[in-house]
Every structure is written in C-alpha cells, then in structure tokens.
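K.L.:
The structure file start.txt (compact mmCIF, C-alpha atoms and all ligand atoms) is provided below.
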# COMPACT_ATOMS: atom_id res chain seq x y z
CA MET E 1 0.00 0.00 0.00
CA ASN E 2 1.32 3.45 -0.94
CA GLU E 3 0.50 6.76 0.69
CA VAL E 4 -1.55 8.79 -1.75
CA PRO E 5 0.48 11.84 -2.84
CA THR E 6 -1.13 15.26 -3.14
CA LEU E 7 -0.39 17.36 -6.23
CA GLN E 8 -0.81 21.12 -6.29
CA THR E 9 -1.34 23.31 -9.33
CA PRO E 10 -1.91 27.06 -9.42
CA ARG E 11 -5.69 26.64 -8.92
CA LEU E 12 -6.27 23.01 -7.96
CA LEU E 13 -5.47 20.31 -5.46
CA LEU E 14 -5.26 16.69 -6.62
CA ARG E 15 -5.75 14.64 -3.47
CA ASP E 16 -6.94 11.37 -2.01
CA TRP E 17 -10.71 10.85 -1.94
CA ARG E 18 -12.87 11.64 1.09
CA GLU E 19 -16.19 10.16 2.07
CA GLU E 20 -17.89 13.52 1.40
CA ASP E 21 -16.76 13.39 -2.27
CA ARG E 22 -19.15 10.50 -2.91
CA ALA E 23 -22.33 12.60 -3.14
CA PRO E 24 -21.04 15.23 -5.62
CA PHE E 25 -19.32 12.46 -7.60
CA ALA E 26 -22.62 10.56 -7.84
CA ARG E 27 -24.34 13.75 -9.03
CA LEU E 28 -21.90 14.25 -11.91
CA ASN E 29 -22.10 10.56 -12.83
CA ALA E 30 -25.89 10.93 -13.05
CA ASP E 31 -25.63 13.96 -15.36
CA PRO E 32 -26.43 12.93 -18.97
CA GLN E 33 -24.25 15.73 -20.34
CA VAL E 34 -21.17 14.62 -18.37
CA MET E 35 -21.84 10.99 -19.38
CA GLU E 36 -22.71 11.71 -23.03
CA HIS E 37 -19.71 9.71 -24.28
CA PHE E 38 -20.25 6.75 -21.95
CA PRO E 39 -22.80 3.97 -22.49
CA GLN E 40 -25.02 5.24 -19.65
CA THR E 41 -25.21 7.39 -16.55
CA HIS E 42 -24.36 5.74 -13.23
CA THR E 43 -26.53 5.01 -10.22
CA ARG E 44 -25.33 6.00 -6.75
CA GLU E 45 -24.27 2.38 -6.15
CA GLU E 46 -22.27 2.26 -9.40
CA SER E 47 -20.70 5.62 -8.62
CA ASP E 48 -19.68 4.47 -5.12
CA ALA E 49 -18.23 1.26 -6.56
CA GLY E 50 -16.20 3.46 -8.91
CA VAL E 51 -14.84 5.44 -5.96
CA ASP E 52 -13.84 2.20 -4.22
CA ARG E 53 -12.04 0.97 -7.34
CA ILE E 54 -10.27 4.31 -7.83
CA ARG E 55 -9.14 4.41 -4.19
CA ALA E 56 -7.81 0.85 -4.40
CA HIS E 57 -5.76 1.79 -7.49
CA LEU E 58 -4.34 4.89 -5.75
CA ALA E 59 -3.39 2.85 -2.68
CA GLU E 60 -1.84 0.04 -4.71
CA HIS E 61 0.14 2.08 -7.23
CA GLY E 62 0.74 5.46 -5.56
CA PHE E 63 -0.86 7.17 -8.54
CA GLY E 64 -4.37 7.07 -9.88
CA LEU E 65 -7.44 9.15 -10.56
CA TRP E 66 -7.06 11.85 -7.93
CA ALA E 67 -10.03 13.74 -6.51
CA VAL E 68 -9.79 17.30 -7.84
CA GLU E 69 -10.57 20.21 -5.55
CA VAL E 70 -10.65 23.93 -6.38
CA ALA E 71 -8.00 25.29 -4.02
CA GLU E 72 -9.72 28.62 -3.37
CA THR E 73 -13.10 27.17 -2.39
CA GLY E 74 -12.34 23.58 -1.35
CA GLU E 75 -15.03 22.37 -3.77
CA PHE E 76 -14.72 18.82 -5.17
CA ILE E 77 -15.24 18.98 -8.95
CA GLY E 78 -14.37 15.47 -10.20
CA PHE E 79 -11.26 13.43 -10.96
CA THR E 80 -8.15 13.63 -13.09
CA GLY E 81 -5.16 11.34 -13.16
CA LEU E 82 -3.55 8.17 -14.34
CA GLN E 83 -4.53 4.53 -14.25
CA TRP E 84 -3.50 1.24 -15.75
CA ALA E 85 -5.72 0.57 -18.76
CA ARG E 86 -8.41 -1.91 -17.72
CA PHE E 87 -8.75 -3.98 -20.90
CA PRO E 88 -6.37 -5.66 -23.34
CA ALA E 89 -5.70 -3.83 -26.61
CA HIS E 90 -2.88 -3.39 -29.10
CA PHE E 91 -1.31 -0.66 -26.91
CA THR E 92 -1.61 -2.38 -23.49
CA PRO E 93 -0.25 -2.74 -20.89
CA ALA E 94 -0.32 1.03 -20.67
CA VAL E 95 -1.00 3.82 -18.20
CA GLU E 96 -3.76 6.12 -19.38
CA ALA E 97 -4.54 9.70 -18.44
CA GLY E 98 -8.20 10.39 -17.71
CA TRP E 99 -10.52 13.13 -16.47
CA ARG E 100 -14.17 13.69 -15.58
CA LEU E 101 -15.41 16.98 -14.20
CA ALA E 102 -18.80 18.32 -13.18
CA ARG E 103 -20.41 20.33 -15.96
CA HIS E 104 -20.09 23.68 -14.15
CA ALA E 105 -16.30 23.15 -13.95
CA TRP E 106 -15.83 22.86 -17.73
CA GLY E 107 -14.46 25.71 -19.83
CA ARG E 108 -11.96 26.95 -17.25
CA GLY E 109 -8.87 24.95 -18.17
CA TYR E 110 -9.13 22.84 -15.02
CA ALA E 111 -8.87 19.43 -16.74
CA THR E 112 -5.74 20.40 -18.66
CA GLU E 113 -4.16 22.02 -15.60
CA ALA E 114 -4.81 18.95 -13.45
CA ALA E 115 -3.73 16.51 -16.16
CA ARG E 116 -0.44 18.34 -16.72
CA ALA E 117 0.41 17.82 -13.05
CA ALA E 118 -0.64 14.17 -13.17
CA VAL E 119 1.36 13.47 -16.33
CA ALA E 120 4.46 15.19 -14.89
CA PHE E 121 4.08 13.05 -11.75
CA GLY E 122 3.83 9.91 -13.88
CA PHE E 123 6.98 10.70 -15.81
CA ASP E 124 9.11 12.35 -13.12
CA ARG E 125 8.12 10.46 -9.98
CA CYS E 126 6.85 7.10 -11.24
CA GLY E 127 9.37 6.65 -14.05
CA LEU E 128 6.77 5.94 -16.72
CA GLY E 129 8.17 5.94 -20.26
CA GLU E 130 4.87 6.70 -21.95
CA ILE E 131 1.33 7.78 -21.08
CA VAL E 132 -1.60 7.20 -23.41
CA SER E 133 -5.12 8.47 -23.49
CA PHE E 134 -8.14 7.28 -25.40
CA THR E 135 -11.75 8.17 -25.83
CA SER E 136 -14.64 7.65 -28.19
CA ARG E 137 -14.26 9.38 -31.54
CA THR E 138 -17.28 11.51 -30.60
CA ASN E 139 -15.64 13.01 -27.49
CA THR E 140 -13.99 16.06 -29.01
CA ARG E 141 -13.62 17.94 -25.68
CA SER E 142 -11.56 15.12 -24.23
CA GLN E 143 -9.44 14.92 -27.39
CA ALA E 144 -8.77 18.67 -27.09
CA VAL E 145 -7.38 18.08 -23.58
CA MET E 146 -5.10 15.36 -25.01
CA ARG E 147 -3.78 17.74 -27.67
CA ARG E 148 -3.24 20.52 -25.11
CA LEU E 149 -1.10 18.06 -23.15
CA GLY E 150 1.06 17.59 -26.24
CA MET E 151 -0.23 14.09 -26.98
CA HIS E 152 -0.26 12.79 -30.55
CA ARG E 153 -2.75 10.63 -32.42
CA ASP E 154 -1.90 8.28 -35.26
CA SER E 155 -5.25 7.39 -36.84
CA ALA E 156 -3.78 3.99 -37.80
CA GLU E 157 -4.01 3.19 -34.07
CA ASP E 158 -7.74 3.95 -33.76
CA PHE E 159 -9.54 0.94 -32.27
CA ASP E 160 -12.94 -0.36 -31.32
CA HIS E 161 -13.39 -0.52 -27.56
CA PRO E 162 -13.42 -4.24 -26.70
CA GLN E 163 -15.98 -3.80 -23.91
CA LEU E 164 -18.60 -2.29 -26.20
CA PRO E 165 -20.66 -4.31 -28.68
CA PRO E 166 -19.58 -3.99 -32.32
CA GLY E 167 -21.57 -1.25 -33.99
CA HIS E 168 -22.22 0.61 -30.70
CA ARG E 169 -22.22 4.37 -31.32
CA LEU E 170 -19.33 4.81 -28.84
CA ALA E 171 -17.23 1.82 -29.95
CA PRO E 172 -14.84 3.65 -32.35
CA HIS E 173 -12.02 5.06 -30.20
CA VAL E 174 -8.99 7.24 -30.85
CA LEU E 175 -5.62 6.70 -29.15
CA TYR E 176 -3.24 9.48 -28.18
CA ARG E 177 0.31 8.90 -26.92
CA LEU E 178 2.89 10.99 -25.07
CA ALA E 179 6.44 9.74 -24.55
CA ALA E 180 8.42 10.89 -21.53
CA ASP E 181 11.25 12.14 -23.72
CA HIS E 182 8.93 13.98 -26.15
CA ARG E 183 7.31 16.39 -23.73
C1 LIG R 1 -13.33 16.17 -20.93
C2 LIG R 1 -13.52 17.35 -20.01
C3 LIG R 1 -12.78 17.14 -18.70
C4 LIG R 1 -12.94 18.57 -20.74
O1 LIG R 1 -13.29 19.75 -20.07
P1 LIG R 1 -12.95 21.16 -20.74
O2 LIG R 1 -13.49 22.20 -19.85
O3 LIG R 1 -13.35 21.16 -22.16
O4 LIG R 1 -11.34 21.20 -20.73
P2 LIG R 1 -10.38 22.10 -19.86
O5 LIG R 1 -10.73 21.98 -18.42
O6 LIG R 1 -9.00 21.79 -20.26
O7 LIG R 1 -10.79 23.58 -20.29
C5 LIG R 1 -10.49 24.08 -21.58
C6 LIG R 1 -11.42 25.21 -21.90
O8 LIG R 1 -11.37 26.20 -20.86
C7 LIG R 1 -11.07 27.48 -21.44
N1 LIG R 1 -10.44 28.31 -20.38
C8 LIG R 1 -11.09 29.27 -19.67
N2 LIG R 1 -10.27 29.79 -18.75
C9 LIG R 1 -9.08 29.16 -18.86
C10 LIG R 1 -7.84 29.26 -18.18
N3 LIG R 1 -7.68 30.13 -17.17
N4 LIG R 1 -6.83 28.44 -18.55
C11 LIG R 1 -6.98 27.57 -19.55
N5 LIG R 1 -8.15 27.43 -20.25
C12 LIG R 1 -9.19 28.21 -19.90
C13 LIG R 1 -10.26 27.15 -22.65
O9 LIG R 1 -10.26 28.21 -23.57
C14 LIG R 1 -11.03 25.94 -23.18
O10 LIG R 1 -12.23 26.38 -23.77
P3 LIG R 1 -12.81 25.75 -25.13
O11 LIG R 1 -13.18 24.33 -24.81
O12 LIG R 1 -13.98 26.61 -25.41
O13 LIG R 1 -11.71 25.82 -26.13
C15 LIG R 1 -15.02 17.58 -19.70
O14 LIG R 1 -15.68 17.86 -20.92
C16 LIG R 1 -15.66 16.37 -19.04
O15 LIG R 1 -15.55 16.19 -17.83
N6 LIG R 1 -16.38 15.57 -19.84
C17 LIG R 1 -17.13 14.42 -19.32
C18 LIG R 1 -16.25 13.26 -18.94
C19 LIG R 1 -15.43 12.75 -20.11
O16 LIG R 1 -15.92 12.64 -21.21
N7 LIG R 1 -14.18 12.41 -19.80
C20 LIG R 1 -13.27 11.87 -20.76
C21 LIG R 1 -13.53 10.44 -20.97
S1 LIG R 1 -12.26 9.71 -21.95
Rewrite the coordinates I just gave you, this time as structure tokens.

P.N.:
Amino acid sequence: MNEVPTLQTPRLLLRDWREEDRAPFARLNADPQVMEHFPQTHTREESDAGVDRIRAHLAEHGFGLWAVEVAETGEFIGFTGLQWARFPAHFTPAVEAGWRLARHAWGRGYATEAARAAVAFGFDRCGLGEIVSFTSRTNTRSQAVMRRLGMHRDSAEDFDHPQLPPGHRLAPHVLYRLAADHR
C-alpha cells in the first residue's frame, strides 16, 4: 500500500478521496451531459463502486485518478489522473490519463491544468516511459485536452473498444500517446 500523494497546481489540489466526495461524484455521474460519451449514466451504487475501485488503485500504485478540488473554495469537482488501462488492446499494458469533471467546472482549463500535473508526476516520480489516453471518436472535448497536453494521435491506431458491442455508437475510439522524452 502506498501513501496517496497530493499534487498542487496554481488553482487546484489533486488529493486522495474523502467520504464527502461520494455525493457530488454521484451527481456528476448521473448527469447525462457529463456521461454523453459513456454507455449510460451511473446510479449511486455504481458511482460508489467506482470510488472504491479508484481508491484501491491509488493505494496500490501510488498514482491514480485523484479527486480534484478547487483550491480557493475547497469544492470537489471530479477526478483527473492516471490509471492502468483496464482492458487488453494493441497498446496495453499502458498507463492512461483520464478526467471527468462536473459540468459547471468545464471551460476553465481545469482538466488540462490537473492533467499536466498528473502526467508530470507519472513521468518524473513514477518513471513511466509513456502515457496514453483514449476516448470515443465523438468526445472532441476530451481529445482537445489530449492535444493541449502535447499528446499525438496516429489514426492507424484507432480501435474499437473491446468492452462495447460492435456497432455501438461509442465503440470507435482514438488513441493518443505521449512519450516521456517527447514532452
Ligand atoms: C473532458 C472534459 C474534462 C474537458 O473539459 P474542458 O473544460 O473542455 O477542458 P479544460 O478543463 O482543459 O478547459 C479548456 C477550456 O477552458 C477554457 N479556459 C477558460 N479559462 C481558462 C484558463 N484560465 N486556462 C486555460 N483554459 C481556460 C479554454 O479556452 C477551453 O475552452 P474551449 O473548450 O472553449 O476551447 C469535460 O468535458 C468532461 O468532464 N467531460 C465528461 C467526462 C469525459 O468525457 N471524460 C473523458 C472520458 S475519456
């Protein structure tokens, strides 16, 4: 078990999860706009199970999907971070960068700011050689975060998500990569 590190950025705190994060996290997971590029919204039980899984990853690996808090207000707005990809694909095993913020926290640069800190931690403190990110082809906001991080897509590496049925509207995925020595 690792102690969960805290990362600070100019406006945000990336920290371990607290019990009181569960309610606002469940609210954003129940928001159809936040979950537009996922198969469905999550129930409270599914959201809580997600928190448990995220916390276990953070404790096991010393990095993960940190809870993101606005430093000035202390408000929990979602997660950003790194995790081992959870399915086999042509690019796995791989550590992926991911983010999910409440709708009111979009459009402020928070996801990119948090992800920059997480990616730097992955390269500088965890010794990762590469970090990937992927999302459905439809999720242009998430792809914009990837590009702002300096990640690159080769469309030859696009793939169909193996956990979605063939032909599902969200199955076609794009893959972005960032190498430690190409930052
Ligand atoms: C993906 C997601 C995190 C992206 O959020 P986002 O707000 O678009 O991205 P950022 O936080 O990096 O903010 C960038 C925007 O803030 C604007 N901005 C405003 N103030 C800013 C500041 N001080 N610094 C930087 N950017 C700022 C930028 O101009 C940009 O606006 P634009 O999108 O109109 O070009 C968000 O849409 C989300 O949570 N989606 C649902 C979950 C999801 O799909 N996750 C990914 C699954 S793979």

K.L.:
If you count only C-alpha atoms and all ligand atoms, which residues end up within 8 Å of ligand LIG 1 (chain R), as a PyMOL selection string?

P.N.:
chain E and resi 33-38+78+98-103+105-113+133-136+139+141-145+148

K.L.:
Do a neighbour search on stretch 85-94 of chain E at 10 Å with only C-alpha atoms, toss out local chain neighbours closer than 5 positions, and write the hits as a ChimeraX atom specification.

P.N.:
/E:128-134,157-163,175,177

K.L.:
Quick one: write out the picked residues with C-alpha atoms as a CSV table (one decimal), in the frame of the given file?

P.N.:
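Below is the file that was written, again.csv:
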chain,number,residue,atom,x,y,z
E,128,LEU,CA,6.8,5.9,-16.7
E,129,GLY,CA,8.2,5.9,-20.3
E,130,GLU,CA,4.9,6.7,-22.0
E,131,ILE,CA,1.3,7.8,-21.1
E,132,VAL,CA,-1.6,7.2,-23.4
E,133,SER,CA,-5.1,8.5,-23.5
E,134,PHE,CA,-8.1,7.3,-25.4
E,157,GLU,CA,-4.0,3.2,-34.1
E,158,ASP,CA,-7.7,4.0,-33.8
E,159,PHE,CA,-9.5,0.9,-32.3
E,160,ASP,CA,-12.9,-0.4,-31.3
E,161,HIS,CA,-13.4,-0.5,-27.6
E,162,PRO,CA,-13.4,-4.2,-26.7
E,163,GLN,CA,-16.0,-3.8,-23.9
E,175,LEU,CA,-5.6,6.7,-29.2
E,177,ARG,CA,0.3,8.9,-26.9

K.L.:
For E:Asp16, which of E:Ala49, E:Pro39, E:Arg44, E:Trp66 is the closest residue, counting only C-alpha atoms?

P.N.:
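Ranking E:Ala49, E:Pro39, E:Arg44, E:Trp66 by distance to E:Asp16, first place goes to E:Trp66.
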
K.L.:
Could you state the separation of atom CA of E:His57 and atom CA of E:His182 in Å, given to one decimal place?

P.N.:
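If I compute the distance from atom CA of E:His57 to atom CA of E:His182, I get 26.7 Å.
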
K.L.:
Smallest atom-to-atom distance to E:Val95: which of E:Phe79, E:Phe123, E:Thr73, E:Pro165, using all atoms listed in the file?

P.N.:
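Among the listed residues, the smallest separation from E:Val95 belongs to E:Phe123.
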
K.L.:
Just checking: using only C-alpha atoms, which residue out of E:Arg183, E:Arg22, E:His42, E:Arg55 ends up closest to E:Gly150?

P.N.:
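Of E:Arg183, E:Arg22, E:His42, E:Arg55, the one nearest E:Gly150 is E:Arg183, counting only C-alpha atoms.
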
K.L.:
Once you add 3 Å to each side, what are the centre and edge lengths of the axis-aligned box holding all listed atoms of stretch 90-109 of chain E? One decimal in Å, as JSON, if you can.

P.N.:
{"center_x": -10.3, "center_y": 11.8, "center_z": -21.1, "size_x": 26.2, "size_y": 36.3, "size_z": 21.9}

K.L.:
Find, counting all atoms listed in the file, the residue in E:Ala97, E:Ala156, E:Ile54, E:Val4 that gets nearest to E:Ala115.

P.N.:
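Smallest distance to E:Ala115 is found for E:Ala97.
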
K.L.:
Just the number, please: distance in Å from atom CA of E:Asp31 to atom CA of E:His104, one decimal.

P.N.:
11.3 Å

K.L.:
Between atom CA of E:Glu75 and atom CA of E:Gly50, what is the distance, to one decimal in Å?

P.N.:
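So the two atoms, atom CA of E:Glu75 and atom CA of E:Gly50, lie 19.6 Å apart.
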
K.L.:
Leaving out E:Ala30 and any residue of its chain fewer than 4 positions from it, which residues lie within 7 Å of it when counting all atoms listed in the file, given as an mmCIF file with C-alpha atoms, in the frame of the given file?

P.N.:
data_model
loop_
_atom_site.group_PDB
_atom_site.id
_atom_site.type_symbol
_atom_site.label_atom_id
_atom_site.label_comp_id
_atom_site.auth_asym_id
_atom_site.auth_seq_id
_atom_site.Cartn_x
_atom_site.Cartn_y
_atom_site.Cartn_z
ATOM 1 C CA ALA E 26 -22.620 10.560 -7.840
ATOM 2 C CA THR E 41 -25.210 7.390 -16.550
ATOM 3 C CA HIS E 42 -24.360 5.740 -13.230
ATOM 4 C CA THR E 43 -26.530 5.010 -10.220
#

K.L.:
Need to verify the contact set: stretch 59-64 of chain E, 9 Å, all atoms listed in the file, exclusion of same-chain residues closer than 2 positions in sequence. Can you return it as JSON, numbers by chain?

P.N.:
{"E": [1, 2, 3, 4, 5, 54, 55, 56, 57, 66, 80, 81, 82, 83, 84, 97, 118, 121, 122, 126]}

K.L.:
Please dump the current selection as a PDB file, in the coordinates of the input; keep C-alpha atoms.

P.N.:
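Just written: selection_35.pdb:
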ATOM      1  CA  MET E   1       0.000   0.000   0.000  1.00  0.00           C
ATOM      2  CA  ASN E   2       1.320   3.450  -0.940  1.00  0.00           C
ATOM      3  CA  GLU E   3       0.500   6.760   0.690  1.00  0.00           C
ATOM      4  CA  VAL E   4      -1.550   8.790  -1.750  1.00  0.00           C
ATOM      5  CA  PRO E   5       0.480  11.840  -2.840  1.00  0.00           C
ATOM      6  CA  ILE E  54     -10.270   4.310  -7.830  1.00  0.00           C
ATOM      7  CA  ARG E  55      -9.140   4.410  -4.190  1.00  0.00           C
ATOM      8  CA  ALA E  56      -7.810   0.850  -4.400  1.00  0.00           C
ATOM      9  CA  HIS E  57      -5.760   1.790  -7.490  1.00  0.00           C
ATOM     10  CA  TRP E  66      -7.060  11.850  -7.930  1.00  0.00           C
ATOM     11  CA  THR E  80      -8.150  13.630 -13.090  1.00  0.00           C
ATOM     12  CA  GLY E  81      -5.160  11.340 -13.160  1.00  0.00           C
ATOM     13  CA  LEU E  82      -3.550   8.170 -14.340  1.00  0.00           C
ATOM     14  CA  GLN E  83      -4.530   4.530 -14.250  1.00  0.00           C
ATOM     15  CA  TRP E  84      -3.500   1.240 -15.750  1.00  0.00           C
ATOM     16  CA  ALA E  97      -4.540   9.700 -18.440  1.00  0.00           C
ATOM     17  CA  ALA E 118      -0.640  14.170 -13.170  1.00  0.00           C
ATOM     18  CA  PHE E 121       4.080  13.050 -11.750  1.00  0.00           C
ATOM     19  CA  GLY E 122       3.830   9.910 -13.880  1.00  0.00           C
ATOM     20  CA  CYS E 126       6.850   7.100 -11.240  1.00  0.00           C
TER      21      CYS E 126
END

K.L.:
Excluding E:Glu69 and its own-chain neighbours fewer than 3 positions away, which residues fall within 6 Å of it when counting all atoms listed in the file? Please give them as a ChimeraX atom specification.

P.N.:
/E:12-13,74-77

K.L.:
Tell me which of E:Ala114, E:Met151, E:Pro32, E:Ser47 sits closest to E:Thr6, counting only C-alpha atoms.

P.N.:
E:Ala114
